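*Asks:* Pasting in a structure now, in structure tokens, and then I'll have a few things to ask.
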Amino acid sequence: MPSGAIADGRIDARPARVAGETLLSLENICKEFPGVKALQGVHFNLRRGEVHAVCGENGAGKSTLMKIISGVYAPTSGRLVYKGQPCSFASPLEAEAVGIAIIHQELNLIPHLSVAENIYLAREPRRGFFVDRKALRKNAKACLDRLGVAIDPDRLVRELSVAQCQMVEIAKALSLDAQVLIMDEPTSSLTEQETRLLFKVIHDLRASGVGIVYISHRLDEMAEIVDRVTVLRDGRYIATDDFAATSVDAIVARMVGRSLEEKFPERRARPTTDVILSARGLTRHRVFQDIDFDLFRGEILGFAGLMGAGRTEVARAIFGADALDSGTVSLEGRVLDIRSPRDAIKAGLAYLSEDRKAQGLAVKMPVDANMTLANMEAVSNRFGVIDFTRHAEVAKEYIDLLSIKTPSPDQPVRLLSGGNQQKIIIGKWLFRQSRVLIFDEPTRGIDVGAKFAIYQIMDELAAKGIGVILISSELPEILGMTDRVAVFHHGRIAGVLETAATSQEEIMHFASGYGRPAGHG
């Protein structure tokens with residue numbers, strides 16, 4: 001029987017032997033949700049042994065297309081052909097059974113299980129009726145070693161950082177020995193070193209004949225791994241090109257329907273000498289020590305550093321999500337007594353978490369409910385009953401102010417793009433009239449057009465005298481949007497640099513613990 005043939009209603013999952021052949025194709029795919037046409041007449045094909053990028057702004061339909069390939073969604077119309085045979089999948093398990101695996105942008109791990117248990121969930125090696133724990137750990141470690149990451153297979157997922165969880169997701173997909181591997185923003189949470197390790201794995205997989213669908217908003221990294229690129233816009237197919245025959249500028253122009261000459265807006269905000277937020281001696285045992293910094297009114301202060309350096313941990317402690325052992329936080333000269341996020345919110349602080357879906361949004365609730373969630377008293381009467389007229393007015397005001405793309409204020413947040421979800425979180429804190437906003441990886445997983453919009457909002461906030469802290473792993477973002485940058489190394493601030501007078505090289509020297517490089521200042 002030829003590879004890809006149907007046997008007893010199933011597709012033969014054995015690999016085909018013709019290098020470069022078409023492995024997967026989608027023809028005239030359409031997908032509709034209530035009030036939304038997510039995909040309209042989309043075409044796509046993947047060859048064996050290639051990396052094929054799918055690009056587009058948030059809401060262009062990339063993730064929806066990938067979920068159709070992987071069995072999460074069924075198309076409203078159109079045809080999927082795998083190894084020469086028309087097919088459809090009723091679930092991701094059916095797709096995995098024939099060699100199609102997906103690494104989702106949003107993590108799909110079970111926090112209370114171990115790393116090994118997550119990697120082999122529902123596929124655990126067994127010895128009779130019992131799980132073979134020794135084999136489970138050995139196999140999981142082999143997958144992690146293949147990625148070159150030092151994560152204990154017995155460690156609980158809830159103890160891992162977002163970046164480590166991302167590596168576990170990748171290890172889980174590798175454990176399936178997939179012939180089609182879909183990577184949806186796989187590097188969004190990874191450090192530069194981890195990204196390099198991932199690219200090596202991608203090169204090895206491609207050489208072995210695996211077809212890889214690669215989705216990323218980091219267009220500059222694609223040159224190292226991508227063979228072809230398909231662009232979607234507003235749920236429609238735009239073009240497919242050999243990556244070597246196009247350019248990043250051309251891809252961006254097709255994505256947004258216009259050229260984007262500037263990645264960052266011209267800064268209007270000008271920091272004052274008025275300190276709005278001050279931290280002195282912040283210490284949390286074994287996490288960070290003696291953190292001192294000032295944030296000026298109208299300033300965007302960057303937090304840079306390698307993964308685990310303490311940036312997010314300091315932000316969470318300031319916001320009251322984690323307890324401090326010692327140190328003080330002052331807002332406009334007044335020492336705050338913050339013992340919980342509720343205290344921080346009342347004081348005028350806001351924290352936009354890097355994991356927006358788990359910690360920033362109630363994704364099953366509608367847009368309007370999320371917008372007022374942090375300030376319900378402002379849309380309720382004196383008896384605590386919601387004034388739905390006022391509630392609707394507030395939602396419309398911030399939807400218009402932030403140009404949030406949604407069919408209606410009643411739309412569940414989970415159905416919106418990442419960029420629009422991020423804007424909803426910003427709107428929530430603006431309605432709360434927060435005086436300091438801490439943005440933790442605010443543009444992770446969103447497209448270049450939405451990034452620009454987020455940058456504009458940050459600059460407008462600073463121009464109004466609001467203090468802004470930007471935590472980012474992308475040094476171009478730090479250099480393009482901040483006035484000063486505090487560089488973290490092993491739980492301490494290694495240096496505070498004037499952004500206009502520094503460089504990526506100098507920041508990385510401080511982040512790596514080497515101090516100021518030769519030839520700088």
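Ordering of the structure tokens sets the chain letters (A, B, ...); residue numbers start at 1 within each chain; ligands are numbered from 1 in the order shown.
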For stretch 393-398 of chain A, work out the shell of residues within 9 Å, counting only C-alpha atoms and skipping chain neighbours fewer than 2 positions away, then give it as a VMD selection string.

*Replies:* chain A and resid 367 to 372 379 388 to 391 400 to 404 409 424 427 to 428 430 to 431

*Asks:* Enumerate the residues of stretch 106-336 of chain A with a DSSP assignment of strand (DSSP E), computed from the backbone, and present them as a ChimeraX atom specification.

*Replies:* /A:126-127,130-131,180-184,211-215,228-233,236-242,275-284,288-296,300-305,326-331,334-335

*Asks:* Would you mind listing what lies within 10 Å of A:Met255 as an MDAnalysis selection string, with only C-alpha atoms counted and same-chain residues fewer than 2 positions away left out?

*Replies:* chainID A and resid 55:58 60 230:234 238:239 249:253 257:259 447:449

*Asks:* Hey, can you spit out that residue selection with all heavy atoms as a compact mmCIF listing (two decimals), in the first residue's frame?

*Replies:*
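The resulting file, part18.txt, is reproduced below:
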```
# COMPACT_ATOMS: atom_id res chain seq x y z
N CYS A 55 2.57 34.04 7.70
CA CYS A 55 2.66 35.38 8.31
C CYS A 55 1.35 36.13 8.14
O CYS A 55 0.61 35.91 7.18
CB CYS A 55 3.79 36.17 7.65
SG CYS A 55 5.43 35.48 7.90
N GLY A 56 1.11 37.04 9.05
CA GLY A 56 -0.07 37.88 8.99
C GLY A 56 -0.25 38.60 10.31
O GLY A 56 0.30 38.18 11.34
N GLU A 57 -1.00 39.68 10.29
CA GLU A 57 -1.29 40.39 11.53
C GLU A 57 -2.17 39.54 12.42
O GLU A 57 -2.75 38.53 11.99
CB GLU A 57 -2.02 41.71 11.22
CG GLU A 57 -1.17 42.75 10.53
CD GLU A 57 -1.88 44.10 10.47
OE1 GLU A 57 -2.67 44.31 9.55
OE2 GLU A 57 -1.62 44.93 11.34
N ASN A 58 -2.27 39.91 13.71
CA ASN A 58 -3.22 39.23 14.58
C ASN A 58 -4.61 39.38 14.00
O ASN A 58 -5.02 40.46 13.58
CB ASN A 58 -3.17 39.82 15.99
CG ASN A 58 -1.95 39.37 16.74
OD1 ASN A 58 -0.94 40.04 16.73
ND2 ASN A 58 -2.02 38.22 17.37
N ALA A 60 -5.47 37.68 11.33
CA ALA A 60 -5.38 37.34 9.91
C ALA A 60 -5.86 35.92 9.64
O ALA A 60 -6.16 35.59 8.49
CB ALA A 60 -3.94 37.51 9.42
N THR A 230 4.02 32.11 3.31
CA THR A 230 2.66 32.43 2.86
C THR A 230 2.11 33.54 3.73
O THR A 230 2.24 33.50 4.96
CB THR A 230 1.74 31.19 2.94
OG1 THR A 230 2.13 30.25 1.93
CG2 THR A 230 0.28 31.56 2.74
N VAL A 231 1.52 34.55 3.10
CA VAL A 231 0.96 35.70 3.82
C VAL A 231 -0.56 35.65 3.78
O VAL A 231 -1.16 35.45 2.72
CB VAL A 231 1.46 37.03 3.22
CG1 VAL A 231 0.81 38.21 3.91
CG2 VAL A 231 2.98 37.13 3.32
N LEU A 232 -1.17 35.81 4.96
CA LEU A 232 -2.62 35.95 5.08
C LEU A 232 -2.93 37.36 5.54
O LEU A 232 -2.16 37.97 6.29
CB LEU A 232 -3.18 34.96 6.09
CG LEU A 232 -2.91 33.47 5.89
CD1 LEU A 232 -3.58 32.66 7.01
CD2 LEU A 232 -3.40 33.00 4.53
N ARG A 233 -4.07 37.88 5.11
CA ARG A 233 -4.54 39.18 5.59
C ARG A 233 -6.05 39.16 5.69
O ARG A 233 -6.74 38.81 4.72
CB ARG A 233 -4.08 40.32 4.66
CG ARG A 233 -4.45 41.69 5.23
CD ARG A 233 -3.80 42.84 4.45
NE ARG A 233 -4.36 43.04 3.14
CZ ARG A 233 -3.69 42.99 2.00
NH1 ARG A 233 -2.39 42.71 2.02
NH2 ARG A 233 -4.28 43.20 0.85
N ASP A 234 -6.56 39.50 6.86
CA ASP A 234 -8.01 39.54 7.11
C ASP A 234 -8.69 38.22 6.73
O ASP A 234 -9.78 38.21 6.14
CB ASP A 234 -8.65 40.70 6.34
CG ASP A 234 -8.14 42.05 6.81
OD1 ASP A 234 -7.79 42.16 8.01
OD2 ASP A 234 -8.07 42.99 5.99
N ILE A 238 -3.03 35.82 0.54
CA ILE A 238 -2.47 36.93 -0.24
C ILE A 238 -1.42 36.43 -1.22
O ILE A 238 -1.51 36.70 -2.42
CB ILE A 238 -1.85 38.00 0.69
CG1 ILE A 238 -2.92 38.56 1.65
CG2 ILE A 238 -1.22 39.12 -0.13
CD1 ILE A 238 -4.09 39.23 0.96
N ALA A 239 -0.40 35.69 -0.74
CA ALA A 239 0.67 35.24 -1.64
C ALA A 239 1.54 34.21 -0.96
O ALA A 239 1.59 34.11 0.27
CB ALA A 239 1.53 36.43 -2.07
N ASP A 249 10.58 43.62 4.30
CA ASP A 249 9.73 44.78 4.00
C ASP A 249 8.55 44.39 3.12
O ASP A 249 7.43 44.87 3.33
CB ASP A 249 10.56 45.87 3.31
CG ASP A 249 11.53 46.56 4.26
OD1 ASP A 249 11.34 46.41 5.49
OD2 ASP A 249 12.46 47.22 3.78
N ALA A 250 8.81 43.52 2.14
CA ALA A 250 7.74 43.09 1.24
C ALA A 250 6.71 42.24 1.99
O ALA A 250 5.50 42.36 1.76
CB ALA A 250 8.33 42.29 0.07
N ILE A 251 7.19 41.39 2.89
CA ILE A 251 6.28 40.56 3.69
C ILE A 251 5.40 41.43 4.57
O ILE A 251 4.18 41.25 4.63
CB ILE A 251 7.09 39.56 4.55
CG1 ILE A 251 7.79 38.54 3.66
CG2 ILE A 251 6.16 38.84 5.53
CD1 ILE A 251 8.78 37.67 4.40
N VAL A 252 6.01 42.43 5.23
CA VAL A 252 5.25 43.33 6.11
C VAL A 252 4.21 44.10 5.31
O VAL A 252 3.06 44.26 5.73
CB VAL A 252 6.19 44.29 6.85
CG1 VAL A 252 5.40 45.38 7.56
CG2 VAL A 252 7.05 43.53 7.86
N ALA A 253 4.60 44.59 4.13
CA ALA A 253 3.67 45.35 3.29
C ALA A 253 2.47 44.49 2.90
O ALA A 253 1.34 44.98 2.87
CB ALA A 253 4.39 45.85 2.04
N GLY A 257 -1.01 45.53 4.28
CA GLY A 257 -1.58 46.25 3.15
C GLY A 257 -0.99 47.62 2.95
O GLY A 257 -1.53 48.46 2.23
N ARG A 258 0.14 47.87 3.63
CA ARG A 258 0.83 49.15 3.52
C ARG A 258 2.26 48.93 3.99
O ARG A 258 2.57 47.93 4.61
CB ARG A 258 0.17 50.22 4.40
CG ARG A 258 0.26 49.88 5.89
CD ARG A 258 -0.58 50.81 6.74
NE ARG A 258 -0.36 50.59 8.16
CZ ARG A 258 -0.92 49.62 8.86
NH1 ARG A 258 -1.73 48.76 8.26
NH2 ARG A 258 -0.67 49.50 10.15
N SER A 259 3.13 49.85 3.72
CA SER A 259 4.51 49.74 4.20
C SER A 259 4.61 50.30 5.61
O SER A 259 3.90 51.22 5.97
CB SER A 259 5.47 50.49 3.27
OG SER A 259 5.19 51.87 3.30
N ASP A 447 1.50 40.93 16.23
CA ASP A 447 2.12 41.28 14.96
C ASP A 447 2.67 42.70 14.95
O ASP A 447 2.46 43.50 15.87
CB ASP A 447 1.12 41.12 13.81
CG ASP A 447 -0.07 42.05 13.98
OD1 ASP A 447 0.06 43.23 13.66
OD2 ASP A 447 -1.12 41.61 14.45
N VAL A 448 3.39 43.03 13.85
CA VAL A 448 4.08 44.31 13.77
C VAL A 448 3.13 45.49 13.81
O VAL A 448 3.44 46.53 14.42
CB VAL A 448 4.96 44.38 12.50
CG1 VAL A 448 6.16 43.48 12.63
CG2 VAL A 448 4.17 44.03 11.24
N GLY A 449 1.95 45.36 13.18
CA GLY A 449 0.98 46.46 13.21
C GLY A 449 0.43 46.69 14.60
O GLY A 449 0.33 47.82 15.07
```

*Asks:* Tell me which of A:Phe243, A:Phe510, A:Tyr214, A:Phe264 sits closest to A:Arg228, counting only C-alpha atoms.

*Replies:*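 So, comparing all the options, the nearest one is A:Phe243.
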
*Asks:* Quick one: of A:Glu94, A:Asp410, A:Glu266, A:Glu50, who's nearest to A:Leu181, counting only C-alpha atoms?

*Replies:*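 Of the candidates, the smallest distance to A:Leu181 is held by A:Glu50.
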
*Asks:* Point out the residue among A:Val36, A:Ile446, A:Val131, A:Val413 with the least atom-to-atom distance to A:Arg218, counting only C-alpha atoms.

*Replies:* A:Ile446

*Asks:* Could you tell me how far atom CA of A:Leu174 lies from atom CA of A:Cys143, in Å and to one decimal?

*Replies:* 6.8 Å

*Asks:* Near A:Leu107, counting only C-alpha atoms, which residues have an atom at most 10 Å away, once you skip same-chain residues fewer than 3 positions from it, shown as a list in words?

*Replies:*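 Here the qualifying residues turn out to be Ile103, His104, Ile110, Val162, Cys165, Gln166, Val168, Glu169, Asp355, Lys357 and Ala358 of chain A.
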
*Asks:* Pick out the residues sitting within 7 Å of stretch 442-444 of chain A, and hand them over as a list in words; count only C-alpha atoms, and ignore anything fewer than 6 positions along from it in its own chain.

*Replies:*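 Near stretch 442-444 of chain A, the qualifying residues are Ser188, Glu354 and Lys451 of chain A.
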
*Asks:* Compare A:Leu113, A:Thr328, A:His203, A:Pro186 by their minimum atom-to-atom distance to A:Glu159, counting only C-alpha atoms, and give me the closest one.

*Replies:*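 When distances to A:Glu159 are compared using only C-alpha atoms, the smallest one comes from A:Leu113.
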
*Asks:* Quick one: everything within 10 Å of A:Val335, counting only C-alpha atoms, minus sequence neighbours fewer than 5 positions away in the same chain. Send it as a ChimeraX atom specification.

*Replies:* /A:277-279,328-330

*Asks:* Hey, which of A:Ile493, A:Tyr237, A:Arg342, A:Val157 ends up closest to A:Val42? Count only C-alpha atoms.

*Replies:* A:Tyr237

*Asks:* My list of candidates is A:Gly327, A:Gly333, A:Pro75, A:Gly310. Which is closest to A:Gly491 when distances are computed with only C-alpha atoms?

*Replies:* A:Gly310

*Asks:* What is the distance, in Å and to one decimal place, between atom CA of A:His43 and atom CA of A:Ile202?

*Replies:*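 That distance, rounded to one decimal, is 24.0 Å.
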
*Asks:* Tell me, in Å to one decimal, how far atom CA of A:Thr246 is from atom CA of A:Arg196.

*Replies:*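 The value is 23.4 Å.
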
*Asks:* Taking the backbone alone, and naming residues the way the document does, which bits of stretch 433-495 of chain A are helix (DSSP H, G or I) by DSSP, as a list of chain:residue names?

*Replies:* A:Val448, A:Gly449, A:Ala450, A:Lys451, A:Phe452, A:Ala453, A:Ile454, A:Tyr455, A:Gln456, A:Ile457, A:Met458, A:Asp459, A:Glu460, A:Leu461, A:Ala462, A:Ala463, A:Leu475, A:Pro476, A:Glu477, A:Ile478, A:Leu479, A:Gly480, A:Met481

*Asks:* Would you give me, as a Markdown table, each residue of stretch 174-231 of chain A having an atom within 12 Å of an atom of stretch 459-472 of chain A, along with its shortest atom pair and that distance in Å to one decimal, using only C-alpha atoms and sorting by chain and residue number?

*Replies:*
```
| residue | atom | partner | partner_atom | distance |
| --- | --- | --- | --- | --- |
| A:Ser188 | CA | A:Ser472 | CA | 11.0 |
| A:Ser189 | CA | A:Ser472 | CA | 10.3 |
| A:Leu190 | CA | A:Ser472 | CA | 11.6 |
| A:Thr191 | CA | A:Ser472 | CA | 10.8 |
```

*Asks:* I'd like the neighbourhood of stretch 314-316 of chain A as a short mmCIF file (atom, residue, chain, number, x, y, z; two decimals) with N, CA and C atoms, in the first residue's frame, where a residue qualifies if any of its atoms comes within 9 Å (using only C-alpha atoms), though same-chain residues fewer than 3 positions away should be ignored.

*Replies:*
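The new file out_8.cif reads:
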```cif
data_model
loop_
_atom_site.label_atom_id
_atom_site.label_comp_id
_atom_site.auth_asym_id
_atom_site.auth_seq_id
_atom_site.Cartn_x
_atom_site.Cartn_y
_atom_site.Cartn_z
N LEU A 282 14.60 46.46 47.78
CA LEU A 282 13.64 45.35 47.61
C LEU A 282 14.39 44.01 47.61
N THR A 283 13.98 43.12 48.47
CA THR A 283 14.65 41.83 48.59
C THR A 283 13.61 40.73 48.79
N ARG A 284 13.77 39.66 48.06
CA ARG A 284 12.99 38.43 48.24
C ARG A 284 13.98 37.29 48.24
N VAL A 287 15.65 35.15 45.35
CA VAL A 287 15.05 35.56 44.07
C VAL A 287 15.68 36.87 43.59
N PHE A 288 15.66 37.92 44.42
CA PHE A 288 16.33 39.18 44.08
C PHE A 288 16.74 39.87 45.38
N ILE A 291 17.17 45.76 45.45
CA ILE A 291 16.76 46.42 44.21
C ILE A 291 16.41 47.88 44.51
N GLY A 310 15.33 38.15 37.28
CA GLY A 310 14.57 38.77 38.35
C GLY A 310 13.65 39.90 37.93
N ARG A 311 13.57 40.18 36.63
CA ARG A 311 12.75 41.31 36.17
C ARG A 311 11.27 41.15 36.53
N PHE A 319 3.78 44.73 42.80
CA PHE A 319 2.32 44.69 42.62
C PHE A 319 1.64 43.89 43.73
N GLY A 320 2.41 43.29 44.62
CA GLY A 320 1.81 42.56 45.73
C GLY A 320 1.44 41.13 45.43
N ALA A 321 1.82 40.63 44.23
CA ALA A 321 1.51 39.24 43.88
C ALA A 321 2.42 38.27 44.61
N ASP A 322 3.64 38.71 44.94
CA ASP A 322 4.59 37.91 45.73
C ASP A 322 5.07 38.77 46.89
N ALA A 323 5.37 38.12 48.00
CA ALA A 323 5.74 38.86 49.21
C ALA A 323 7.20 39.29 49.18
N PRO A 341 -2.30 42.27 45.51
CA PRO A 341 -2.61 43.06 44.32
C PRO A 341 -3.74 44.06 44.55
N TYR A 351 -0.32 46.11 36.77
CA TYR A 351 0.65 45.16 36.24
C TYR A 351 0.01 44.37 35.11
N SER A 353 0.52 41.35 33.02
CA SER A 353 1.32 40.14 33.08
C SER A 353 1.76 39.66 31.70
N ILE A 438 2.97 48.76 34.68
CA ILE A 438 4.11 47.88 34.42
C ILE A 438 3.71 46.92 33.31
N ASP A 440 4.70 43.82 31.16
CA ASP A 440 5.61 42.67 31.14
C ASP A 440 5.46 41.94 29.81
N ILE A 471 9.05 45.76 30.64
CA ILE A 471 9.89 44.58 30.76
C ILE A 471 9.88 43.87 29.41
N GLY A 491 19.32 38.47 39.89
CA GLY A 491 18.54 39.03 40.99
C GLY A 491 18.99 40.38 41.49
#
```
